[in-house]
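Q: Input work14.txt, format and content: compact mmCIF, C-alpha atoms.
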# COMPACT_ATOMS: atom_id res chain seq x y z
CA MET A 1 -124.50 18.83 -155.77
CA PRO A 2 -123.05 21.69 -153.70
CA ALA A 3 -125.23 24.79 -153.38
CA ALA A 4 -124.56 27.47 -155.96
CA ASP A 5 -122.01 30.04 -154.89
CA PRO A 6 -123.31 33.60 -154.83
CA GLN A 7 -121.88 36.54 -156.65
CA THR A 8 -118.91 37.70 -154.65
CA THR A 9 -116.04 40.08 -154.88
CA PRO A 10 -113.63 39.14 -157.73
CA SER A 11 -110.99 37.68 -155.40
CA GLY A 12 -113.51 35.69 -153.32
CA ALA A 13 -115.24 34.38 -156.46
CA ALA A 14 -111.91 33.29 -157.94
CA ILE A 15 -110.92 31.39 -154.79
CA LEU A 16 -114.28 29.63 -154.53
CA ARG A 17 -114.23 28.75 -158.22
CA PHE A 18 -110.69 27.35 -157.91
CA LEU A 19 -111.64 25.20 -154.90
CA ARG A 20 -114.75 23.91 -156.61
CA VAL A 21 -112.90 22.99 -159.81
CA THR A 22 -110.12 21.35 -157.75
CA LEU A 23 -112.72 19.26 -155.90
CA HIS A 24 -114.33 17.99 -159.11
CA VAL A 25 -111.01 17.32 -160.85
CA GLY A 26 -109.67 15.56 -157.75
CA PHE A 27 -112.68 13.28 -157.61
CA ALA A 28 -112.37 12.40 -161.30
CA VAL A 29 -108.60 11.76 -161.08
CA LEU A 30 -108.82 9.62 -157.94
CA LEU A 31 -111.70 7.58 -159.38
CA LEU A 32 -109.80 7.05 -162.64
CA VAL A 33 -106.64 6.00 -160.78
CA ALA A 34 -108.66 3.51 -158.74
CA ILE A 35 -110.13 1.95 -161.90
CA LEU A 36 -106.72 1.72 -163.56
CA ARG A 37 -105.13 0.16 -160.48
CA LEU A 38 -108.04 -2.28 -160.30
CA HIS A 39 -107.26 -3.42 -163.85
CA PHE A 40 -103.47 -3.29 -163.94
CA ALA A 41 -102.26 -3.83 -160.36
CA ASP A 42 -99.97 -6.78 -159.82
CA GLY A 43 -101.83 -9.99 -159.03
CA ALA A 44 -105.08 -8.76 -160.48
CA VAL A 45 -105.49 -11.90 -162.53
CA GLY A 46 -107.12 -15.26 -162.08
CA ALA A 47 -110.28 -15.82 -160.03
CA ASP A 48 -111.36 -14.56 -156.65
CA ASP A 49 -112.06 -16.73 -153.61
CA ALA A 50 -115.62 -17.38 -154.76
CA GLY A 51 -114.43 -18.61 -158.09
CA THR A 52 -115.61 -15.57 -160.06
CA PRO A 53 -113.29 -14.84 -162.97
CA ALA A 54 -111.08 -11.83 -162.22
CA GLY A 55 -111.90 -10.14 -165.54
CA ALA A 56 -115.65 -10.29 -164.89
CA ARG A 57 -115.13 -8.96 -161.37
CA ARG A 58 -113.07 -6.04 -162.61
CA LEU A 59 -115.65 -5.22 -165.27
CA ALA A 60 -118.40 -5.24 -162.65
CA TRP A 61 -116.50 -2.85 -160.37
CA SER A 62 -115.63 -0.65 -163.35
CA ALA A 63 -119.30 -0.46 -164.34
CA LEU A 64 -120.21 0.48 -160.78
CA ALA A 65 -117.44 3.10 -160.77
CA LEU A 66 -118.84 4.57 -163.98
CA ALA A 67 -122.29 4.65 -162.34
CA LEU A 68 -120.72 6.60 -159.46
CA ALA A 69 -119.10 9.00 -161.94
CA ALA A 70 -122.41 9.47 -163.78
CA ALA A 71 -124.32 10.18 -160.55
CA TYR A 72 -121.65 12.66 -159.42
CA LEU A 73 -121.58 14.38 -162.82
CA ALA A 74 -125.38 14.58 -163.06
CA GLY A 75 -125.63 16.36 -159.72
CA THR A 76 -122.89 18.88 -160.46
CA VAL A 77 -124.22 19.62 -163.96
CA LEU A 78 -127.78 20.19 -162.69
CA GLU A 79 -126.49 22.51 -159.98
CA LYS A 80 -124.32 24.44 -162.44
CA ARG A 81 -127.15 24.92 -164.94
CA PHE A 82 -129.51 26.13 -162.22
CA ALA A 83 -126.90 28.53 -160.81
CA ALA A 84 -126.24 29.96 -164.29
CA GLY A 85 -129.97 30.43 -164.90
CA ARG A 86 -130.08 27.95 -167.78
CA SER A 87 -132.53 25.62 -166.01
CA SER A 88 -135.63 26.18 -163.89
CA PHE A 89 -135.17 22.90 -161.99
CA ASN A 90 -133.81 23.60 -158.50
CA PRO A 91 -131.65 20.64 -157.38
CA HIS A 92 -130.85 22.01 -153.91
CA PRO A 93 -133.70 20.18 -152.09
CA TYR A 94 -132.27 16.92 -153.45
CA ALA A 95 -128.65 17.59 -152.43
CA ALA A 96 -128.70 15.30 -149.37
CA PRO A 97 -130.30 12.30 -151.17
CA TRP A 98 -127.85 12.77 -154.04
CA LEU A 99 -124.94 12.78 -151.61
CA GLY A 100 -126.34 9.64 -149.98
CA LEU A 101 -126.47 7.87 -153.37
CA VAL A 102 -122.91 8.89 -154.25
CA THR A 103 -121.64 7.78 -150.84
CA ALA A 104 -123.50 4.46 -151.04
CA LEU A 105 -122.02 3.70 -154.47
CA TRP A 106 -118.56 4.54 -153.15
CA GLY A 107 -119.16 2.30 -150.11
CA VAL A 108 -120.02 -0.66 -152.34
CA LEU A 109 -116.89 -0.05 -154.43
CA LEU A 110 -114.79 0.24 -151.26
CA ALA A 111 -116.17 -3.09 -150.02
CA GLY A 112 -115.07 -4.69 -153.25
CA SER A 113 -111.64 -3.08 -153.58
CA ALA A 114 -109.41 -0.97 -151.36
CA GLU A 115 -108.27 0.85 -154.53
CA PHE A 116 -111.26 3.16 -154.06
CA SER A 117 -110.13 4.30 -150.59
CA TRP A 118 -108.70 7.62 -151.75
CA VAL A 119 -111.93 8.66 -153.48
CA ALA A 120 -113.16 9.30 -149.95
CA PHE A 121 -111.23 12.57 -149.63
CA PRO A 122 -113.19 14.66 -152.19
CA LEU A 123 -116.35 13.14 -150.70
CA PHE A 124 -115.32 14.53 -147.30
CA PHE A 125 -115.60 18.06 -148.73
CA LEU A 126 -119.05 17.32 -150.17
CA HIS A 127 -120.28 16.09 -146.79
CA LEU A 128 -118.98 19.25 -145.10
CA HIS A 129 -120.62 21.45 -147.71
CA VAL A 130 -124.01 19.75 -148.02
CA LEU A 131 -124.72 18.40 -144.53
CA PRO A 132 -124.95 20.20 -141.18
CA ARG A 133 -121.55 20.35 -139.50
CA ARG A 134 -122.19 17.80 -136.72
CA ILE A 135 -123.73 15.26 -139.07
CA ALA A 136 -120.94 15.81 -141.58
CA LEU A 137 -118.27 15.15 -138.92
CA LEU A 138 -120.01 11.89 -137.96
CA THR A 139 -120.26 10.68 -141.57
CA ILE A 140 -116.61 11.63 -142.22
CA ALA A 141 -115.54 9.65 -139.15
CA ALA A 142 -117.54 6.63 -140.35
CA MET A 143 -116.07 6.91 -143.86
CA THR A 144 -112.55 7.18 -142.42
CA ALA A 145 -113.15 4.04 -140.36
CA ALA A 146 -114.41 2.27 -143.51
CA VAL A 147 -111.23 3.25 -145.39
CA VAL A 148 -109.03 1.94 -142.55
CA ALA A 149 -111.00 -1.32 -142.43
CA SER A 150 -110.83 -1.78 -146.21
CA GLN A 151 -107.06 -1.31 -146.29
CA TRP A 152 -106.62 -3.64 -143.27
CA VAL A 153 -108.65 -6.38 -144.95
CA ALA A 154 -106.77 -5.92 -148.22
CA SER A 155 -103.39 -6.17 -146.43
CA GLY A 156 -104.19 -9.55 -144.86
CA LEU A 157 -102.48 -8.51 -141.62
CA PRO A 158 -103.83 -9.63 -138.23
CA SER A 159 -104.24 -5.99 -137.11
CA PRO A 160 -104.12 -2.58 -138.79
CA THR A 161 -100.75 -0.88 -138.82
CA LEU A 162 -100.07 2.71 -137.77
CA PRO A 163 -99.76 3.99 -141.38
CA MET A 164 -103.14 2.40 -142.20
CA VAL A 165 -104.77 4.43 -139.43
CA LEU A 166 -102.62 7.55 -139.55
CA GLY A 167 -102.90 8.19 -143.31
CA PRO A 168 -106.70 8.21 -143.61
CA GLY A 169 -107.01 9.96 -140.22
CA LEU A 170 -104.70 12.83 -141.18
CA GLY A 171 -106.41 13.03 -144.58
CA ALA A 172 -109.77 13.34 -142.88
CA VAL A 173 -108.49 16.04 -140.50
CA PHE A 174 -106.99 17.98 -143.40
CA ALA A 175 -110.25 17.70 -145.33
CA VAL A 176 -112.26 18.91 -142.34
CA VAL A 177 -110.00 21.92 -141.76
CA THR A 178 -110.00 22.82 -145.45
CA GLY A 179 -113.74 22.29 -145.74
CA LEU A 180 -114.46 24.50 -142.74
CA ALA A 181 -112.19 27.19 -144.20
CA TYR A 182 -114.11 26.89 -147.49
CA ARG A 183 -117.41 27.22 -145.65
CA ALA A 184 -116.17 30.30 -143.78
CA LEU A 185 -115.07 31.87 -147.05
CA TYR A 186 -118.41 30.95 -148.59
CA GLN A 187 -120.34 32.57 -145.74
CA GLU A 188 -118.19 35.70 -145.90
CA SER A 189 -118.76 35.90 -149.64
CA GLU A 190 -122.49 35.47 -149.08
CA ALA A 191 -122.46 38.32 -146.57
CA GLN A 192 -120.56 40.49 -149.05
CA ARG A 193 -123.03 39.62 -151.78
CA LEU A 194 -125.99 40.53 -149.59
CA ALA A 195 -124.30 43.79 -148.61
CA ALA A 196 -123.56 44.55 -152.27
CA ASP A 197 -127.16 43.75 -153.24
CA GLU A 198 -128.44 46.03 -150.50
CA LEU A 199 -126.07 48.77 -151.63
CA ARG A 200 -127.27 48.41 -155.21
CA ARG A 201 -130.89 48.53 -154.07
CA THR A 202 -130.16 51.61 -151.96
CA ARG A 203 -128.41 53.33 -154.85
CA ALA A 204 -131.24 52.47 -157.21
CA GLU A 205 -133.79 53.80 -154.72
CA LEU A 206 -131.73 56.95 -154.19
CA ALA A 207 -131.41 57.45 -157.93
CA ARG A 208 -135.16 56.96 -158.35
CA THR A 209 -135.91 59.39 -155.53
CA GLN A 210 -133.53 61.98 -156.93
CA HIS A 211 -135.06 61.55 -160.38
CA GLU A 212 -138.57 62.01 -159.00
CA ALA A 213 -137.43 65.05 -157.01
CA GLY A 214 -135.83 66.50 -160.13
CA VAL A 215 -138.98 65.90 -162.15
CA ALA A 216 -141.13 67.49 -159.43
CA ALA A 217 -138.79 70.48 -159.18
CA GLU A 218 -138.84 70.98 -162.96
CA ARG A 219 -142.63 70.72 -163.00
CA GLU A 220 -142.79 73.29 -160.22
CA ARG A 221 -140.45 75.60 -162.13
CA LEU A 222 -142.50 75.31 -165.31
CA ALA A 223 -145.74 75.83 -163.37
CA ARG A 224 -144.35 79.01 -161.82
CA GLU A 225 -143.10 80.38 -165.12
CA ILE A 226 -146.30 79.51 -166.95
CA HIS A 227 -148.41 81.19 -164.29
CA ASP A 228 -146.24 84.27 -163.96
CA THR A 229 -145.82 84.82 -167.70
CA LEU A 230 -148.02 82.91 -170.12
CA ALA A 231 -151.15 82.62 -167.96
CA GLN A 232 -151.14 86.30 -167.00
CA GLY A 233 -150.22 87.35 -170.53
CA LEU A 234 -153.01 85.28 -172.07
CA SER A 235 -155.44 86.66 -169.52
CA SER A 236 -154.43 90.19 -170.51
CA ILE A 237 -154.75 89.34 -174.20
CA VAL A 238 -158.29 88.01 -173.67
CA LEU A 239 -159.37 91.09 -171.71
CA VAL A 240 -157.82 93.59 -174.13
CA ALA A 241 -159.22 91.71 -177.14
CA ARG A 242 -162.70 91.93 -175.61
CA ALA A 243 -162.20 95.66 -175.10
CA ALA A 244 -161.02 96.03 -178.71
CA GLU A 245 -164.10 94.13 -179.88
CA LYS A 246 -166.32 96.59 -178.02
CA SER A 247 -164.45 99.49 -179.62
CA LEU A 248 -165.04 97.98 -183.05
CA ALA A 249 -168.69 97.47 -182.28
CA SER A 250 -169.01 101.13 -181.30
CA GLY A 251 -167.10 102.29 -184.39
CA ASP A 252 -164.08 103.62 -182.47
CA LEU A 253 -161.48 102.28 -184.89
CA ALA A 254 -158.57 104.25 -183.45
CA THR A 255 -159.06 102.85 -179.97
CA ALA A 256 -159.57 99.36 -181.37
CA ALA A 257 -156.31 99.63 -183.32
CA GLU A 258 -154.47 100.73 -180.17
CA ARG A 259 -155.84 97.81 -178.25
CA PHE A 260 -155.02 95.30 -180.99
CA ALA A 261 -151.49 96.69 -181.02
CA LEU A 262 -151.37 96.07 -177.28
CA VAL A 263 -152.56 92.49 -177.86
CA GLN A 264 -149.75 91.99 -180.38
CA GLN A 265 -147.17 93.49 -178.01
CA THR A 266 -148.32 91.34 -175.09
CA ALA A 267 -148.29 88.20 -177.24
CA SER A 268 -144.76 88.95 -178.47
CA GLU A 269 -143.52 89.51 -174.94
CA ASN A 270 -145.06 86.27 -173.74
CA LEU A 271 -143.59 84.37 -176.66
CA ALA A 272 -140.15 85.66 -175.68
CA GLU A 273 -140.81 84.69 -172.06
CA ALA A 274 -141.88 81.18 -173.09
CA ARG A 275 -138.75 80.65 -175.16
CA SER A 276 -136.65 81.98 -172.30
CA PHE A 277 -137.96 79.77 -169.50
CA VAL A 278 -137.91 76.67 -171.74
CA ARG A 279 -134.19 77.30 -172.08
CA GLY A 280 -133.94 77.95 -168.33
CA LEU A 281 -132.76 81.54 -168.85
CA THR A 282 -133.67 84.73 -167.04
CA SER A 283 -136.54 86.96 -168.09
CA PRO A 284 -136.00 88.84 -171.39
CA GLN A 285 -137.04 92.04 -169.61
CA LEU A 286 -134.08 91.68 -167.21
CA GLN A 287 -131.73 90.91 -170.08
CA GLU A 288 -132.62 94.18 -171.76
CA SER A 289 -132.76 96.42 -168.67
CA SER A 290 -132.14 96.57 -164.92
CA LEU A 291 -134.63 95.49 -162.28
CA PRO A 292 -135.72 99.08 -161.42
CA GLU A 293 -136.23 99.84 -165.13
CA SER A 294 -138.21 96.61 -165.58
CA LEU A 295 -140.44 97.46 -162.61
CA GLN A 296 -140.96 100.99 -163.93
CA ARG A 297 -141.99 99.62 -167.31
CA LEU A 298 -144.26 97.04 -165.61
CA CYS A 299 -146.13 99.82 -163.83
CA GLY A 300 -146.71 101.56 -167.14
CA GLU A 301 -147.95 98.37 -168.78
CA THR A 302 -150.30 97.77 -165.84
CA GLU A 303 -151.88 101.21 -166.33
CA THR A 304 -152.24 100.58 -170.06
CA LEU A 305 -153.90 97.19 -169.59
CA ALA A 306 -156.22 98.59 -166.94
CA ALA A 307 -157.17 101.47 -169.22
CA ALA A 308 -157.96 98.99 -172.00
CA ARG A 309 -160.56 97.51 -169.67
CA GLY A 310 -161.91 100.96 -168.86
CA ASP A 311 -160.38 101.04 -165.36
CA GLY A 312 -158.76 104.21 -164.04
CA LEU A 313 -155.89 102.48 -162.19
CA ARG A 314 -152.79 104.60 -161.57
CA CYS A 315 -149.60 102.65 -160.88
CA ARG A 316 -146.28 104.17 -159.94
CA PHE A 317 -142.83 102.86 -159.07
CA GLU A 318 -140.62 104.12 -156.24
CA LEU A 319 -136.96 103.31 -155.62
CA VAL A 320 -135.43 103.65 -152.15
CA GLY A 321 -131.66 103.53 -151.58
CA ASP A 322 -128.83 103.02 -154.02
CA PRO A 323 -129.48 100.11 -156.40
CA ALA A 324 -127.08 97.22 -155.93
CA GLU A 325 -126.32 94.45 -158.38
CA LEU A 326 -128.47 91.45 -157.47
CA PRO A 327 -128.02 87.78 -158.31
CA PRO A 328 -130.14 86.80 -161.33
CA GLN A 329 -132.42 84.60 -159.22
CA TYR A 330 -133.15 87.54 -156.89
CA SER A 331 -134.04 89.82 -159.79
CA VAL A 332 -136.30 87.20 -161.39
CA THR A 333 -138.08 86.51 -158.09
CA LEU A 334 -138.73 90.21 -157.40
CA LEU A 335 -139.93 90.84 -160.95
CA ARG A 336 -142.26 87.82 -160.83
CA ALA A 337 -143.55 89.01 -157.45
CA ALA A 338 -144.40 92.42 -158.89
CA GLN A 339 -146.02 90.84 -161.96
CA ALA A 340 -148.18 88.50 -159.86
CA SER A 341 -149.15 91.23 -157.39
CA LEU A 342 -150.06 93.82 -160.04
CA SER A 343 -152.01 91.20 -161.97
CA ASN A 344 -154.08 90.58 -158.84
CA VAL A 345 -154.54 94.31 -158.37
CA ARG A 346 -155.64 94.80 -161.97
CA LEU A 347 -157.97 91.80 -162.09
CA HIS A 348 -159.40 91.57 -158.57
CA ALA A 349 -158.66 94.55 -156.32
CA LYS A 350 -160.82 97.27 -158.02
CA ALA A 351 -158.15 99.73 -156.89
CA SER A 352 -157.53 103.27 -158.10
CA THR A 353 -153.88 103.38 -157.01
CA ALA A 354 -151.03 100.88 -156.85
CA VAL A 355 -147.49 101.58 -155.68
CA VAL A 356 -144.47 99.33 -156.24
CA THR A 357 -141.54 100.12 -153.93
CA LEU A 358 -138.10 98.57 -154.36
CA ALA A 359 -135.74 99.30 -151.46
CA PHE A 360 -132.07 98.47 -150.95
CA LEU A 361 -131.49 98.47 -147.19
CA GLY A 362 -127.92 97.38 -146.62
CA ASP A 363 -128.08 93.65 -145.97
CA GLU A 364 -131.47 93.06 -147.59
CA VAL A 365 -133.57 94.06 -150.55
CA THR A 366 -137.31 94.56 -150.18
CA LEU A 367 -140.26 94.82 -152.53
CA ASP A 368 -143.61 96.20 -151.40
CA VAL A 369 -146.70 96.28 -153.63
CA TYR A 370 -149.54 98.37 -152.21
CA ASP A 371 -153.04 98.90 -153.57
CA ASP A 372 -156.06 100.77 -152.17
CA GLY A 373 -158.54 98.22 -153.45
CA THR A 374 -161.16 96.06 -151.78
CA GLY A 375 -158.70 93.76 -149.97
CA PHE A 376 -159.65 90.24 -148.95
CA ALA A 377 -159.63 87.79 -146.07
CA PRO A 378 -156.49 85.62 -146.44
CA GLU A 379 -158.13 82.66 -144.75
CA ALA A 380 -161.28 82.78 -146.89
CA PRO A 381 -161.91 80.05 -149.47
CA GLY A 382 -160.57 81.07 -152.88
CA SER A 383 -158.20 83.67 -151.46
CA GLY A 384 -155.18 81.75 -152.69
CA VAL A 385 -154.48 79.66 -149.58
CA ALA A 386 -156.13 76.79 -151.43
CA GLY A 387 -156.22 76.73 -155.20
CA ARG A 388 -159.43 77.24 -157.07
CA ALA A 389 -161.12 74.62 -159.19
CA ASP A 390 -160.27 76.54 -162.38
CA GLY A 391 -156.55 76.32 -161.66
CA SER A 392 -156.16 79.90 -160.42
CA GLY A 393 -155.07 80.73 -156.90
CA PHE A 394 -151.54 79.56 -157.70
CA GLY A 395 -149.76 82.91 -157.90
CA PHE A 396 -148.85 83.58 -154.31
CA ARG A 397 -148.26 79.90 -153.54
CA SER A 398 -145.72 79.92 -156.37
CA LEU A 399 -144.25 83.20 -155.13
CA ALA A 400 -144.00 81.90 -151.57
CA ALA A 401 -142.01 78.92 -152.83
CA ARG A 402 -139.68 81.19 -154.83
CA VAL A 403 -139.03 83.40 -151.82
CA ALA A 404 -138.50 80.45 -149.47
CA GLU A 405 -135.82 79.06 -151.79
CA LEU A 406 -133.88 82.30 -151.27
CA ASN A 407 -134.34 82.20 -147.46
CA GLY A 408 -136.56 85.25 -147.69
CA SER A 409 -139.94 86.16 -146.24
CA LEU A 410 -143.29 86.92 -147.84
CA GLU A 411 -146.02 88.72 -145.92
CA VAL A 412 -149.49 89.74 -147.05
CA GLU A 413 -151.27 92.44 -145.02
CA THR A 414 -154.89 92.84 -146.01
CA ALA A 415 -158.45 92.93 -144.80
CA PRO A 416 -161.79 93.36 -146.58
CA GLY A 417 -162.19 97.01 -147.64
CA GLU A 418 -158.71 98.09 -146.48
CA GLY A 419 -156.50 97.40 -149.48
CA THR A 420 -153.52 95.05 -149.64
CA VAL A 421 -149.77 95.20 -149.10
CA VAL A 422 -147.51 92.40 -150.36
CA ALA A 423 -144.10 92.64 -148.66
CA ILE A 424 -141.07 90.60 -149.67
CA ARG A 425 -137.72 90.57 -147.89
CA LEU A 426 -134.66 88.88 -149.38
CA PRO A 427 -131.40 88.74 -147.40
CA LEU A 428 -128.26 89.72 -149.27
CA THR A 429 -125.98 88.04 -146.72
CA GLY A 430 -127.91 84.82 -145.93
CA GLY A 431 -130.56 84.10 -143.34
CA GLY A 432 -134.24 84.91 -143.71
CA ASN A 433 -137.53 83.37 -142.71
CA GLY A 434 -140.13 81.24 -144.33
CA ALA A 435 -142.94 82.38 -146.56
CA GLU A 436 -146.58 82.82 -145.83
CA GLY A 437 -149.69 84.36 -147.26
CA GLU A 438 -151.27 83.47 -150.58
CA ARG A 439 -153.61 84.99 -153.06
CA ASP A 440 -154.12 84.39 -156.75
Turn the structure described in the file into structure tokens.

A:
Amino acid sequence: MPAADPQTTPSGAAILRFLRVTLHVGFAVLLLVAILRLHFADGAVGADDAGTPAGARRLAWSALALALAAAYLAGTVLEKRFAAGRSSFNPHPYAAPWLGLVTALWGVLLAGSAEFSWVAFPLFFLHLHVLPRRIALLTIAAMTAAVVASQWVASGLPSPTLPMVLGPGLGAVFAVVTGLAYRALYQESEAQRLAADELRRTRAELARTQHEAGVAAERERLAREIHDTLAQGLSSIVLVARAAEKSLASGDLATAAERFALVQQTASENLAEARSFVRGLTSPQLQESSLPESLQRLCGETETLAAARGDGLRCRFELVGDPAELPPQYSVTLLRAAQASLSNVRLHAKASTAVVTLAFLGDEVTLDVYDDGTGFAPEAPGSGVAGRADGSGFGFRSLAARVAELNGSLEVETAPGEGTVVAIRLPLTGGGNGAEGERD
């Protein structure tokens, strides 16, 4: 039972399959020819030297030949079923004993009739395939000697002739050369299979890694958009709704109506933002107006939201240089930076003044957001360097990642009681530094 051939390249698999089928067919044909010659050869009548009737002798050898065929077939069928995955029984550990049984049966047949001499040649290939090379060469030499001896005895000559020795010897040499070539092809095919398996594993691992990276990147994108739009919008809605509730409680219906209108406006804007980033589009504000106009409007909205809370925050926008057309990703990043920074100013800074400055300086565009509020210590717990337990503290970490993707720089200049400046630089011609500084 030769070991199962691995999956190989189409040409290698075809060659190995052809050689294997040729081996099995050759064994069957040679065994059948030997049985027929045993029955129909001239002089195969009468009784042998021991007085055994010739018919009974031929039937005995035929039965033994069928036993050899059955043993050979059983081994090859078991190996084929295991290789095809149709059987869980692994016959490979029993390959050598099986080969020994087949060879022993052939040896008994050869001792009884020289007609079975040529069955040795397919057995040569089995020995080369199943046994270690040195042992296989020894067994092939012994089998060749047995074939020569059987033909010599059958001839009745006083000594073997040259054809008796030369024929089996050349056959054995040819079988050895062919068998070694088969083994070399088998080993090469095995190496190709292992390389192909490794390539498939590498591709599968690469595909899995790329999928995980894509999932992580999409999660990061959604987290940024949710924080910069929905989270801040919902926070504003909650604060303005509380202010409207106080106005209702005090009987100031006009102010309450204004604040509820602001809640409705903020909710509508956030709904548009949500639909936009789900589709992977740019901000609706940038679709309707330019970046300077969007920043100007953002400053006005910041004042309105602060006033709804009863804060006297004044926010103004300044433009430096001639506006240039920016890539959509640049405009979105700068708008999100201003939104995150002004949200921090409005919610945490307790400032009276905030200034948003957009500057076009030749080969770079800059955005500075200044406030005269309380400031903070960037390295302090809860400042944004590490997120807070409630999920806040993500704003500037998200912004730093956005800026880094554009090869820009993010700097935060602040100290307790001295206000805060958030400075962003984006190169218009490549280059740029990393990002640093975080705050919610």

Q: Which residue out of A:Gly312, A:Asp252, A:Val77, A:Arg183 has the minimum interatomic distance to His127 (chain A) when all atoms listed in the file are used?

A: A:Arg183

Q: A:Val369, A:Ala34, A:Ala181, A:Ala70: which is nearest Leu19 (chain A), counting only C-alpha atoms?

A: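 Selected residue with least distance to Leu19 (chain A): A:Ala181.
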
Q: So how far away is CA of Leu170 (chain A) from CA of Val102 (chain A), in Å?

A: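 Separation between CA of Val102 (chain A) and CA of Leu170 (chain A): 22.8 Å.
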
Q: When distances are computed from only C-alpha atoms, which of A:Pro292, A:Gly55, A:Gly417, A:Gly310 shows the smallest separation from Thr255 (chain A)?

A: A:Gly310

Q: Would you work out the distance separating CA of Cys315 (chain A) from CA of Ala354 (chain A), expressed in Å to one decimal?

A: 4.6 Å

Q: Please compute the CA of Leu426 (chain A)-CA of Arg397 (chain A) distance, one decimal, in Å.

A: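 Those two atoms sit 16.8 Å apart.
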
Q: Taking only C-alpha atoms into account, which of A:Leu157, A:Leu68, A:Arg58, A:Ala213 comes nearest Ala104 (chain A)?

A: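 Closest to Ala104 (chain A), using only C-alpha atoms: A:Leu68.
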
Q: At most 12 Å from (-112.9, 23.9, -143.0), file frame, only C-alpha atoms: which residues, as a VMD selection string?

A: chain A and resid 124 to 129 133 136 to 137 172 to 187

Q: Out of A:Val240, A:Trp106, A:Trp61, A:Val130, which residue has the shortest atom-to-atom distance to Ala146 (chain A) when counting all atoms listed in the file?

A: A:Trp106

Q: Counting only C-alpha atoms, which residue out of A:Ala244, A:Leu295, A:Ala359, A:Val320 sits closest to Leu262 (chain A)?

A: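 With only C-alpha atoms as the atom set, the closest residue is A:Ala244.
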
Q: If you count only C-alpha atoms, which residues fall within 8 Å of region 337-351 of chain A, apart from same-chain ones fewer than 4 positions away, as a count of residues only?

A: 22

Q: Centre and edge lengths of an axis-aligned box around all listed atoms of region 153-169 of chain A, with 4 Å added on each side, are to be given in Å to one decimal, as JSON.

A:
{"center_x": -104.2, "center_y": 0.2, "center_z": -142.7, "size_x": 16.9, "size_y": 27.6, "size_z": 19.1}

Q: Set the distance at 12 Å and use only C-alpha atoms: which residues neighbour region 257-261 of chain A once local chain neighbours fewer than 5 positions away are removed? I'd like the list as a PyMOL selection string.

A: chain A and resi 236-248+251-252+266-268+304-310
